[in-house]
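One file, input_25.cif, is given below (mmCIF, C-alpha atoms).
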```cif
data_protein
#
loop_
_atom_site.group_PDB
_atom_site.id
_atom_site.type_symbol
_atom_site.label_atom_id
_atom_site.label_comp_id
_atom_site.auth_asym_id
_atom_site.auth_seq_id
_atom_site.Cartn_x
_atom_site.Cartn_y
_atom_site.Cartn_z
ATOM 1 C CA MET A 1 -12.283 -20.974 -15.667
ATOM 2 C CA MET A 2 -10.113 -22.812 -13.165
ATOM 3 C CA LYS A 3 -11.072 -26.335 -12.135
ATOM 4 C CA SER A 4 -12.004 -27.091 -8.540
ATOM 5 C CA THR A 5 -9.212 -29.639 -8.344
ATOM 6 C CA GLU A 6 -6.600 -26.885 -8.399
ATOM 7 C CA PRO A 7 -5.051 -25.646 -5.142
ATOM 8 C CA ALA A 8 -7.321 -23.400 -3.085
ATOM 9 C CA ASP A 9 -4.957 -20.418 -3.166
ATOM 10 C CA LEU A 10 -4.854 -20.531 -6.980
ATOM 11 C CA VAL A 11 -8.634 -20.686 -7.143
ATOM 12 C CA VAL A 12 -8.907 -17.659 -4.840
ATOM 13 C CA LEU A 13 -6.348 -15.762 -6.920
ATOM 14 C CA GLN A 14 -8.245 -16.594 -10.130
ATOM 15 C CA ASN A 15 -11.480 -15.387 -8.527
ATOM 16 C CA GLU A 16 -9.788 -12.111 -7.624
ATOM 17 C CA ILE A 17 -8.401 -11.693 -11.124
ATOM 18 C CA ASP A 18 -11.828 -12.434 -12.613
ATOM 19 C CA ALA A 19 -13.389 -9.812 -10.351
ATOM 20 C CA VAL A 20 -10.823 -7.231 -11.428
ATOM 21 C CA VAL A 21 -10.903 -8.000 -15.140
ATOM 22 C CA ASN A 22 -14.703 -8.122 -15.262
ATOM 23 C CA ASP A 23 -14.960 -4.802 -13.397
ATOM 24 C CA ARG A 24 -17.264 -6.169 -10.748
ATOM 25 C CA GLY A 25 -18.192 -3.579 -8.153
ATOM 26 C CA LEU A 26 -16.048 -3.754 -5.031
ATOM 27 C CA LEU A 27 -16.507 -2.261 -1.581
ATOM 28 C CA ILE A 28 -20.164 -1.431 -2.230
ATOM 29 C CA SER A 29 -22.133 -0.686 0.935
ATOM 30 C CA PRO A 30 -24.113 -2.338 2.378
ATOM 31 C CA ARG A 31 -22.365 -5.694 2.217
ATOM 32 C CA PRO A 32 -25.129 -8.289 1.877
ATOM 33 C CA THR A 33 -22.850 -11.147 2.937
ATOM 34 C CA VAL A 34 -22.356 -9.784 6.462
ATOM 35 C CA ASP A 35 -24.870 -10.491 9.229
ATOM 36 C CA ARG A 36 -24.699 -7.098 10.921
ATOM 37 C CA GLU A 37 -27.004 -8.014 13.804
ATOM 38 C CA LYS A 38 -24.942 -11.061 14.754
ATOM 39 C CA LEU A 39 -21.680 -9.166 14.337
ATOM 40 C CA GLN A 40 -22.877 -6.372 16.623
ATOM 41 C CA PHE A 41 -24.032 -8.908 19.229
ATOM 42 C CA HIS A 42 -20.676 -10.699 19.349
ATOM 43 C CA LEU A 43 -18.677 -7.472 19.474
ATOM 44 C CA ALA A 44 -20.789 -6.368 22.424
ATOM 45 C CA GLU A 45 -19.924 -9.675 24.118
ATOM 46 C CA VAL A 46 -16.229 -9.023 23.487
ATOM 47 C CA LEU A 47 -16.496 -5.659 25.220
ATOM 48 C CA ARG A 48 -18.417 -7.152 28.156
ATOM 49 C CA LEU A 49 -15.703 -9.808 28.597
ATOM 50 C CA LEU A 50 -13.222 -6.942 28.838
ATOM 51 C CA HIS A 51 -15.378 -5.402 31.612
ATOM 52 C CA VAL A 52 -16.440 -2.444 29.488
ATOM 53 C CA ASP A 53 -19.566 -0.793 30.877
ATOM 54 C CA LEU A 54 -21.911 -0.676 27.918
ATOM 55 C CA GLU A 55 -24.480 1.216 30.012
ATOM 56 C CA ASN A 56 -22.175 4.212 29.934
ATOM 57 C CA GLU A 57 -23.760 6.731 27.550
ATOM 58 C CA ASN A 58 -20.410 7.196 25.796
ATOM 59 C CA LEU A 59 -20.150 3.448 25.084
ATOM 60 C CA ARG A 60 -23.752 2.406 24.644
ATOM 61 C CA ASP A 61 -23.634 2.550 20.849
ATOM 62 C CA THR A 62 -20.027 1.395 20.498
ATOM 63 C CA PRO A 63 -20.800 -2.200 19.372
ATOM 64 C CA ARG A 64 -22.837 -0.864 16.446
ATOM 65 C CA ARG A 65 -20.219 1.724 15.489
ATOM 66 C CA TRP A 66 -17.431 -0.851 15.824
ATOM 67 C CA SER A 67 -19.290 -3.378 13.666
ATOM 68 C CA GLU A 68 -20.001 -0.788 10.961
ATOM 69 C CA SER A 69 -16.370 0.305 10.868
ATOM 70 C CA LEU A 70 -15.183 -3.302 10.542
ATOM 71 C CA VAL A 71 -17.666 -3.951 7.731
ATOM 72 C CA THR A 72 -16.016 -1.115 5.804
ATOM 73 C CA LEU A 73 -12.404 -1.744 6.797
ATOM 74 C CA ILE A 74 -12.531 -5.457 5.921
ATOM 75 C CA SER A 75 -14.744 -5.205 2.834
ATOM 76 C CA GLY A 76 -12.034 -6.443 0.468
ATOM 77 C CA TYR A 77 -13.026 -10.053 1.094
ATOM 78 C CA ASP A 78 -16.236 -9.420 -0.856
ATOM 79 C CA PHE A 79 -14.557 -7.547 -3.732
ATOM 80 C CA THR A 80 -16.871 -4.704 -2.885
ATOM 81 C CA ASP A 81 -16.611 -0.873 -3.585
ATOM 82 C CA VAL A 82 -13.906 -0.715 -6.280
ATOM 83 C CA LYS A 83 -15.445 -0.252 -9.724
ATOM 84 C CA LYS A 84 -13.986 -0.252 -13.209
ATOM 85 C CA LEU A 85 -10.692 -1.468 -11.847
ATOM 86 C CA THR A 86 -9.050 -2.371 -15.127
ATOM 87 C CA THR A 87 -9.021 0.258 -17.800
ATOM 88 C CA LEU A 88 -6.450 -1.417 -20.061
ATOM 89 C CA PHE A 89 -4.721 0.101 -23.057
ATOM 90 C CA ARG A 90 -3.631 -2.615 -25.454
ATOM 91 C CA LYS A 91 -0.870 -0.598 -27.103
ATOM 92 C CA ALA A 92 1.845 -0.054 -24.535
ATOM 93 C CA CYS A 93 4.304 1.699 -26.849
ATOM 94 C CA SER A 94 4.038 4.167 -29.689
ATOM 95 C CA ALA A 95 4.128 3.030 -33.319
ATOM 96 C CA ALA A 96 7.417 4.898 -33.707
ATOM 97 C CA ASP A 97 9.103 2.855 -30.989
ATOM 98 C CA GLU A 98 7.556 -0.607 -30.737
ATOM 99 C CA ASN A 99 10.550 -1.998 -28.844
ATOM 100 C CA CYS A 100 10.384 0.568 -26.042
ATOM 101 C CA LYS A 101 10.869 -0.404 -22.394
ATOM 102 C CA ASN A 102 8.744 2.131 -20.543
ATOM 103 C CA LEU A 103 9.052 2.194 -16.777
ATOM 104 C CA VAL A 104 5.633 3.067 -15.374
ATOM 105 C CA VAL A 105 5.616 4.156 -11.715
ATOM 106 C CA ILE A 106 2.510 4.995 -9.676
ATOM 107 C CA GLY A 107 2.368 5.794 -5.956
ATOM 108 C CA GLY A 108 -0.042 6.681 -3.208
ATOM 109 C CA THR A 109 -1.060 5.904 0.351
ATOM 110 C CA TYR A 110 -2.622 2.885 2.026
ATOM 111 C CA LYS A 111 -4.136 2.021 5.396
ATOM 112 C CA THR A 112 -5.152 -1.393 6.634
ATOM 113 C CA LEU A 113 -5.523 -3.601 9.728
ATOM 114 C CA CYS A 114 -2.809 -6.034 10.757
ATOM 115 C CA ALA A 115 -3.800 -9.679 10.709
ATOM 116 C CA HIS A 116 -2.132 -10.410 14.055
ATOM 117 C CA HIS A 117 -3.569 -7.751 16.374
ATOM 118 C CA ILE A 118 -6.332 -6.033 14.350
ATOM 119 C CA LEU A 119 -4.506 -2.724 14.798
ATOM 120 C CA PRO A 120 -3.944 -0.236 11.978
ATOM 121 C CA PHE A 121 -0.810 0.134 9.924
ATOM 122 C CA PHE A 122 -0.503 2.687 7.176
ATOM 123 C CA GLY A 123 1.947 4.431 4.905
ATOM 124 C CA ARG A 124 2.933 4.903 1.278
ATOM 125 C CA PHE A 125 3.238 2.570 -1.688
ATOM 126 C CA ILE A 126 5.072 2.805 -4.992
ATOM 127 C CA VAL A 127 4.299 0.340 -7.791
ATOM 128 C CA GLY A 128 6.415 0.098 -10.931
ATOM 129 C CA TYR A 129 6.049 -2.102 -13.988
ATOM 130 C CA ILE A 130 7.588 -2.507 -17.423
ATOM 131 C CA PRO A 131 4.769 -3.241 -19.888
ATOM 132 C CA GLU A 132 4.941 -6.051 -22.381
ATOM 133 C CA LYS A 133 1.738 -5.489 -24.365
ATOM 134 C CA MET A 134 -0.593 -3.419 -22.188
ATOM 135 C CA ILE A 135 -0.661 -0.566 -19.721
ATOM 136 C CA ILE A 136 -3.331 0.029 -17.101
ATOM 137 C CA GLY A 137 -5.154 3.259 -16.308
ATOM 138 C CA ALA A 138 -3.189 5.230 -13.708
ATOM 139 C CA SER A 139 -6.040 5.298 -11.176
ATOM 140 C CA LYS A 140 -6.406 1.510 -11.254
ATOM 141 C CA ILE A 141 -3.176 0.723 -9.408
ATOM 142 C CA PRO A 142 -4.424 2.522 -6.257
ATOM 143 C CA ARG A 143 -7.711 0.625 -6.674
ATOM 144 C CA ILE A 144 -5.850 -2.676 -6.735
ATOM 145 C CA VAL A 145 -4.072 -1.619 -3.537
ATOM 146 C CA GLU A 146 -7.445 -0.702 -2.029
ATOM 147 C CA VAL A 147 -8.921 -4.124 -2.721
ATOM 148 C CA HIS A 148 -6.098 -5.826 -0.853
ATOM 149 C CA MET A 149 -5.686 -3.300 1.966
ATOM 150 C CA ARG A 150 -9.332 -3.815 2.968
ATOM 151 C CA ARG A 151 -8.486 -7.222 4.398
ATOM 152 C CA LEU A 152 -6.566 -8.296 7.470
ATOM 153 C CA GLN A 153 -2.993 -8.001 6.270
ATOM 154 C CA SER A 154 0.707 -8.081 6.976
ATOM 155 C CA GLN A 155 2.797 -5.575 5.068
ATOM 156 C CA GLU A 156 4.739 -8.395 3.419
ATOM 157 C CA HIS A 157 1.585 -10.139 2.198
ATOM 158 C CA LEU A 158 -0.007 -6.877 1.097
ATOM 159 C CA ALA A 159 2.964 -6.072 -1.151
ATOM 160 C CA HIS A 160 2.918 -9.560 -2.676
ATOM 161 C CA ASP A 161 -0.869 -9.446 -3.172
ATOM 162 C CA VAL A 162 -0.553 -6.209 -5.146
ATOM 163 C CA ALA A 163 2.340 -7.587 -7.199
ATOM 164 C CA ASP A 164 0.401 -10.813 -7.907
ATOM 165 C CA THR A 165 -2.618 -8.907 -9.197
ATOM 166 C CA VAL A 166 -0.628 -6.515 -11.392
ATOM 167 C CA GLN A 167 1.392 -9.449 -12.752
ATOM 168 C CA SER A 168 -1.727 -11.482 -13.544
ATOM 169 C CA ILE A 169 -3.615 -8.648 -15.251
ATOM 170 C CA LEU A 170 -0.815 -7.117 -17.319
ATOM 171 C CA GLU A 171 1.781 -9.903 -17.656
ATOM 172 C CA PRO A 172 4.506 -7.221 -17.732
ATOM 173 C CA ARG A 173 8.226 -7.689 -18.258
ATOM 174 C CA GLY A 174 8.729 -6.801 -14.643
ATOM 175 C CA VAL A 175 6.834 -5.545 -11.611
ATOM 176 C CA ALA A 176 8.098 -3.912 -8.418
ATOM 177 C CA VAL A 177 6.220 -2.933 -5.273
ATOM 178 C CA TRP A 178 7.630 -0.836 -2.420
ATOM 179 C CA MET A 179 5.687 -0.216 0.753
ATOM 180 C CA GLY A 180 6.676 1.775 3.798
ATOM 181 C CA GLY A 181 4.509 1.942 6.860
ATOM 182 C CA LYS A 182 4.036 2.664 10.519
ATOM 183 C CA HIS A 183 2.484 -0.145 12.559
ATOM 184 C CA LEU A 184 0.438 0.646 15.636
ATOM 185 C CA CYS A 185 1.021 -2.897 16.877
ATOM 186 C CA MET A 186 4.638 -1.770 17.398
ATOM 187 C CA VAL A 187 3.692 1.700 18.636
ATOM 188 C CA MET A 188 0.895 0.857 21.102
ATOM 189 C CA ARG A 189 1.992 -2.623 22.249
ATOM 190 C CA GLY A 190 5.033 -4.892 22.064
ATOM 191 C CA VAL A 191 8.174 -2.777 21.733
ATOM 192 C CA GLU A 192 6.086 0.450 21.988
ATOM 193 C CA GLN A 193 8.412 2.386 19.720
ATOM 194 C CA GLU A 194 6.716 5.467 18.265
ATOM 195 C CA SER A 195 9.499 5.917 15.696
ATOM 196 C CA SER A 196 9.267 2.349 14.384
ATOM 197 C CA PHE A 197 9.018 1.987 10.607
ATOM 198 C CA MET A 198 8.921 -0.914 8.171
ATOM 199 C CA GLU A 199 9.796 -1.129 4.482
ATOM 200 C CA THR A 200 8.975 -3.963 2.086
ATOM 201 C CA ASN A 201 10.202 -4.544 -1.470
ATOM 202 C CA VAL A 202 8.846 -7.060 -3.980
ATOM 203 C CA LEU A 203 10.893 -7.306 -7.194
ATOM 204 C CA ARG A 204 10.031 -9.549 -10.127
ATOM 205 C CA GLY A 205 11.111 -10.044 -13.721
ATOM 206 C CA GLU A 206 13.446 -7.362 -15.061
ATOM 207 C CA PHE A 207 13.472 -5.526 -11.734
ATOM 208 C CA LEU A 208 15.054 -8.598 -10.191
ATOM 209 C CA GLU A 209 17.242 -9.613 -13.116
ATOM 210 C CA ASP A 210 18.525 -6.242 -14.350
ATOM 211 C CA GLU A 211 20.505 -4.110 -11.889
ATOM 212 C CA ARG A 212 20.060 -0.895 -13.866
ATOM 213 C CA THR A 213 16.271 -1.283 -13.938
ATOM 214 C CA ARG A 214 16.235 -2.101 -10.238
ATOM 215 C CA GLN A 215 18.378 0.934 -9.396
ATOM 216 C CA GLU A 216 16.142 3.203 -11.468
ATOM 217 C CA PHE A 217 13.094 2.049 -9.508
ATOM 218 C CA MET A 218 14.848 2.342 -6.145
ATOM 219 C CA SER A 219 16.055 5.851 -7.004
ATOM 220 C CA ILE A 220 12.401 6.821 -7.457
ATOM 221 C CA VAL A 221 11.577 5.187 -4.131
ATOM 222 C CA ASN A 222 14.384 7.146 -2.461
ATOM 223 C CA ARG A 223 13.022 10.400 -3.897
ATOM 224 C CA ARG A 224 9.314 9.811 -3.391
ATOM 225 C CA GLY A 225 8.930 7.283 -0.564
ATOM 226 C CA GLU A 226 8.354 8.925 2.805
ATOM 227 C CA ARG A 227 10.067 7.412 5.823
ATOM 228 C CA ASP A 228 8.540 9.474 8.592
#
```

Encoded form (structure tokens):
Amino acid sequence: MMKSTEPADLVVLQNEIDAVVNDRGLLISPRPTVDREKLQFHLAEVLRLLHVDLENENLRDTPRRWSESLVTLISGYDFTDVKKLTTLFRKACSAADENCKNLVVIGGTYKTLCAHHILPFFGRFIVGYIPEKMIIGASKIPRIVEVHMRRLQSQEHLAHDVADTVQSILEPRGVAVWMGGKHLCMVMRGVEQESSFMETNVLRGEFLEDERTRQEFMSIVNRRGERD
């Protein structure tokens, strides 16, 4: 247990790791920590300040729908809805090859809300790690991504959050996270470029130190990562 005198970000990280390792339920609905009535009231006020006619039958129930969607989309702050996040296997390598250097790569999709404009960004992720002592169940990497994507995010922070969690749980020889996404804050506002795309790489341990390992991971990214 971390002491309260430690930096706040380390305490938060330890709390997240504890939630993952102890398999606490995440993203469970309803979220008891959210005052839905107050949230709906304030969102209605936001719409009124924007001169939205809430008497319109098409908009009358929008504050409630908006509040319910936000409760779900930003549920990661409560560690809610993701269960049994850490099925760990303590023997990473076979008895016949105890010095192996397996490269484990798992990919999938993500969708989240940007921290700057509360607009969606979404895309694909690829996570790779080289186990030291343990491997994690294949479905748990997407769950780790889900915990962090259900918060207000930037793509850079999201990639580092995933890498931090994998690093803390498994203590691998190396971890790598690639994320590619389309950001509606660049499509619908700002530069308004529909073809805009962003890629983020986080490389640690042997992925950063060993060129061959790094190239092997990036070759998988080049084959499997979608850029459209």

Å distance separating atom CA of Val71 of chain A from atom CA of Leu39 of chain A, one decimal place: 9.3 Å

Residue among A:Ala163, A:Ile106, A:Val221, A:Leu113 lying closest to Lys140 of chain A, counting only C-alpha atoms: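 For Lys140 of chain A, the nearest of the given residues is A:Ile106.
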
Pick from A:Leu103, A:Ala138, A:Leu47, A:Val187, whichever lies nearest to Pro120 of chain A using only C-alpha atoms: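 Checking each of A:Leu103, A:Ala138, A:Leu47, A:Val187 against Pro120 of chain A, counting only C-alpha atoms, the winner is A:Val187.
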
Atomic distance atom CA of Thr62 of chain A - atom CA of Tyr110 of chain A, expressed in Å with one decimal: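 Between these atoms lies a distance of 25.4 Å.
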
Explicit residue set for the PyMOL selection byres ((chain A and resi 211-220) around 10), as a list of chain:residue names: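 After applying the PyMOL selection byres ((chain A and resi 211-220) around 10), what remains is A:Leu103, A:Val104, A:Val105, A:Ile126, A:Val127, A:Gly128, A:Tyr129, A:Ile130, A:Gly174, A:Ala176, A:Val177, A:Trp178, A:Asn201, A:Leu203, A:Arg204, A:Glu206, A:Phe207, A:Leu208, A:Glu209, A:Asp210, A:Val221, A:Asn222, A:Arg223, A:Arg224, A:Gly225.
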
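The space separating atom CA of Met198 of chain A from atom CA of Tyr77 of chain A comes to 24.8 Å.
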
Per-axis box centre and lengths in Å around segment 44-53 of chain A, 6 Å margin per side, axis-aligned, as JSON:
```
{"center_x": -17.0, "center_y": -5.3, "center_z": 27.0, "size_x": 19.6, "size_y": 21.0, "size_z": 21.2}
```

Among the residues A:Pro172, A:Pro142, A:Pro32, A:Gly190, the one that comes closest to Gly205 of chain A [using all atoms listed in the file]: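 When distances to Gly205 of chain A are compared using all atoms listed in the file, the smallest one comes from A:Pro172.
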
Hits of the PyMOL selection byres ((chain A and resi 63) around 9) in this structure, as a PDB file with C-alpha atoms, keeping the file's coordinate frame:
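Now in result-v5.pdb:
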```pdb
ATOM      1  CA  LEU A  39     -21.680  -9.166  14.337  1.00  0.00           C
ATOM      2  CA  GLN A  40     -22.877  -6.372  16.623  1.00  0.00           C
ATOM      3  CA  PHE A  41     -24.032  -8.908  19.229  1.00  0.00           C
ATOM      4  CA  HIS A  42     -20.676 -10.699  19.349  1.00  0.00           C
ATOM      5  CA  LEU A  43     -18.677  -7.472  19.474  1.00  0.00           C
ATOM      6  CA  ALA A  44     -20.789  -6.368  22.424  1.00  0.00           C
ATOM      7  CA  GLU A  45     -19.924  -9.675  24.118  1.00  0.00           C
ATOM      8  CA  LEU A  47     -16.496  -5.659  25.220  1.00  0.00           C
ATOM      9  CA  LEU A  54     -21.911  -0.676  27.918  1.00  0.00           C
ATOM     10  CA  LEU A  59     -20.150   3.448  25.084  1.00  0.00           C
ATOM     11  CA  ARG A  60     -23.752   2.406  24.644  1.00  0.00           C
ATOM     12  CA  ASP A  61     -23.634   2.550  20.849  1.00  0.00           C
ATOM     13  CA  THR A  62     -20.027   1.395  20.498  1.00  0.00           C
ATOM     14  CA  ARG A  64     -22.837  -0.864  16.446  1.00  0.00           C
ATOM     15  CA  ARG A  65     -20.219   1.724  15.489  1.00  0.00           C
ATOM     16  CA  TRP A  66     -17.431  -0.851  15.824  1.00  0.00           C
ATOM     17  CA  SER A  67     -19.290  -3.378  13.666  1.00  0.00           C
ATOM     18  CA  GLU A  68     -20.001  -0.788  10.961  1.00  0.00           C
TER      19      GLU A  68
END
```

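When you apply the PyMOL selection byres ((chain A and resi 171) around 10) to this structure, what comes back is Tyr129, Ile130, Pro131, Glu132, Lys133, Met134, Ile135, Asp164, Thr165, Val166, Gln167, Ser168, Ile169, Leu170, Pro172, Arg173, Gly174 and Val175 of chain A.
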
Which residue of A:Asn102, A:Thr112, A:Ser196, A:Asn56 approaches Leu70 of chain A most closely, using only C-alpha atoms: A:Thr112

Best match for closeness to Arg151 of chain A among A:Arg124, A:Lys38, A:Lys111, A:Arg189, counting all atoms listed in the file: A:Lys111

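Counting all atoms listed in the file and comparing A:Arg150, A:Arg143, A:Arg31, A:His157, the residue that lies closest to Gly108 of chain A is A:Arg143.
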
Can you fill out segment 195-209 of chain A with N, CA, C and O atoms and hand it back as a CSV table (one decimal), in the frame of the given file?
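In the end it all went to out.csv:
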```csv
chain,number,residue,atom,x,y,z
A,195,SER,N,8.7,5.6,16.9
A,195,SER,CA,9.5,5.9,15.7
A,195,SER,C,9.7,4.7,14.8
A,195,SER,O,10.4,4.8,13.8
A,196,SER,N,9.1,3.6,15.2
A,196,SER,CA,9.3,2.3,14.4
A,196,SER,C,8.7,2.5,13.0
A,196,SER,O,7.7,3.2,12.7
A,197,PHE,N,9.4,1.9,12.0
A,197,PHE,CA,9.0,2.0,10.6
A,197,PHE,C,9.4,0.7,9.9
A,197,PHE,O,10.4,0.1,10.3
A,198,MET,N,8.7,0.3,8.9
A,198,MET,CA,8.9,-0.9,8.2
A,198,MET,C,8.9,-0.7,6.7
A,198,MET,O,8.0,0.0,6.2
A,199,GLU,N,9.8,-1.2,5.9
A,199,GLU,CA,9.8,-1.1,4.5
A,199,GLU,C,9.8,-2.5,3.9
A,199,GLU,O,10.4,-3.5,4.4
A,200,THR,N,9.1,-2.7,2.8
A,200,THR,CA,9.0,-4.0,2.1
A,200,THR,C,9.2,-3.7,0.6
A,200,THR,O,8.6,-2.8,0.0
A,201,ASN,N,10.0,-4.6,0.0
A,201,ASN,CA,10.2,-4.5,-1.5
A,201,ASN,C,9.8,-5.9,-2.1
A,201,ASN,O,10.2,-6.9,-1.5
A,202,VAL,N,9.1,-5.9,-3.2
A,202,VAL,CA,8.8,-7.1,-4.0
A,202,VAL,C,9.3,-6.8,-5.4
A,202,VAL,O,8.9,-5.8,-6.0
A,203,LEU,N,10.3,-7.5,-5.9
A,203,LEU,CA,10.9,-7.3,-7.2
A,203,LEU,C,10.7,-8.6,-8.0
A,203,LEU,O,11.1,-9.7,-7.6
A,204,ARG,N,10.2,-8.4,-9.2
A,204,ARG,CA,10.0,-9.5,-10.1
A,204,ARG,C,10.5,-9.2,-11.6
A,204,ARG,O,10.5,-8.0,-12.0
A,205,GLY,N,10.8,-10.2,-12.3
A,205,GLY,CA,11.1,-10.0,-13.7
A,205,GLY,C,12.3,-9.2,-13.9
A,205,GLY,O,13.4,-9.4,-13.2
A,206,GLU,N,12.3,-8.2,-14.8
A,206,GLU,CA,13.4,-7.4,-15.1
A,206,GLU,C,13.9,-6.5,-13.9
A,206,GLU,O,15.1,-6.2,-13.8
A,207,PHE,N,13.0,-6.2,-12.9
A,207,PHE,CA,13.5,-5.5,-11.7
A,207,PHE,C,14.4,-6.4,-10.9
A,207,PHE,O,15.3,-5.9,-10.2
A,208,LEU,N,14.2,-7.7,-10.9
A,208,LEU,CA,15.1,-8.6,-10.2
A,208,LEU,C,16.3,-9.0,-11.0
A,208,LEU,O,17.4,-9.2,-10.4
A,209,GLU,N,16.2,-9.1,-12.3
A,209,GLU,CA,17.2,-9.6,-13.1
A,209,GLU,C,18.2,-8.5,-13.6
A,209,GLU,O,19.4,-8.8,-13.9
```
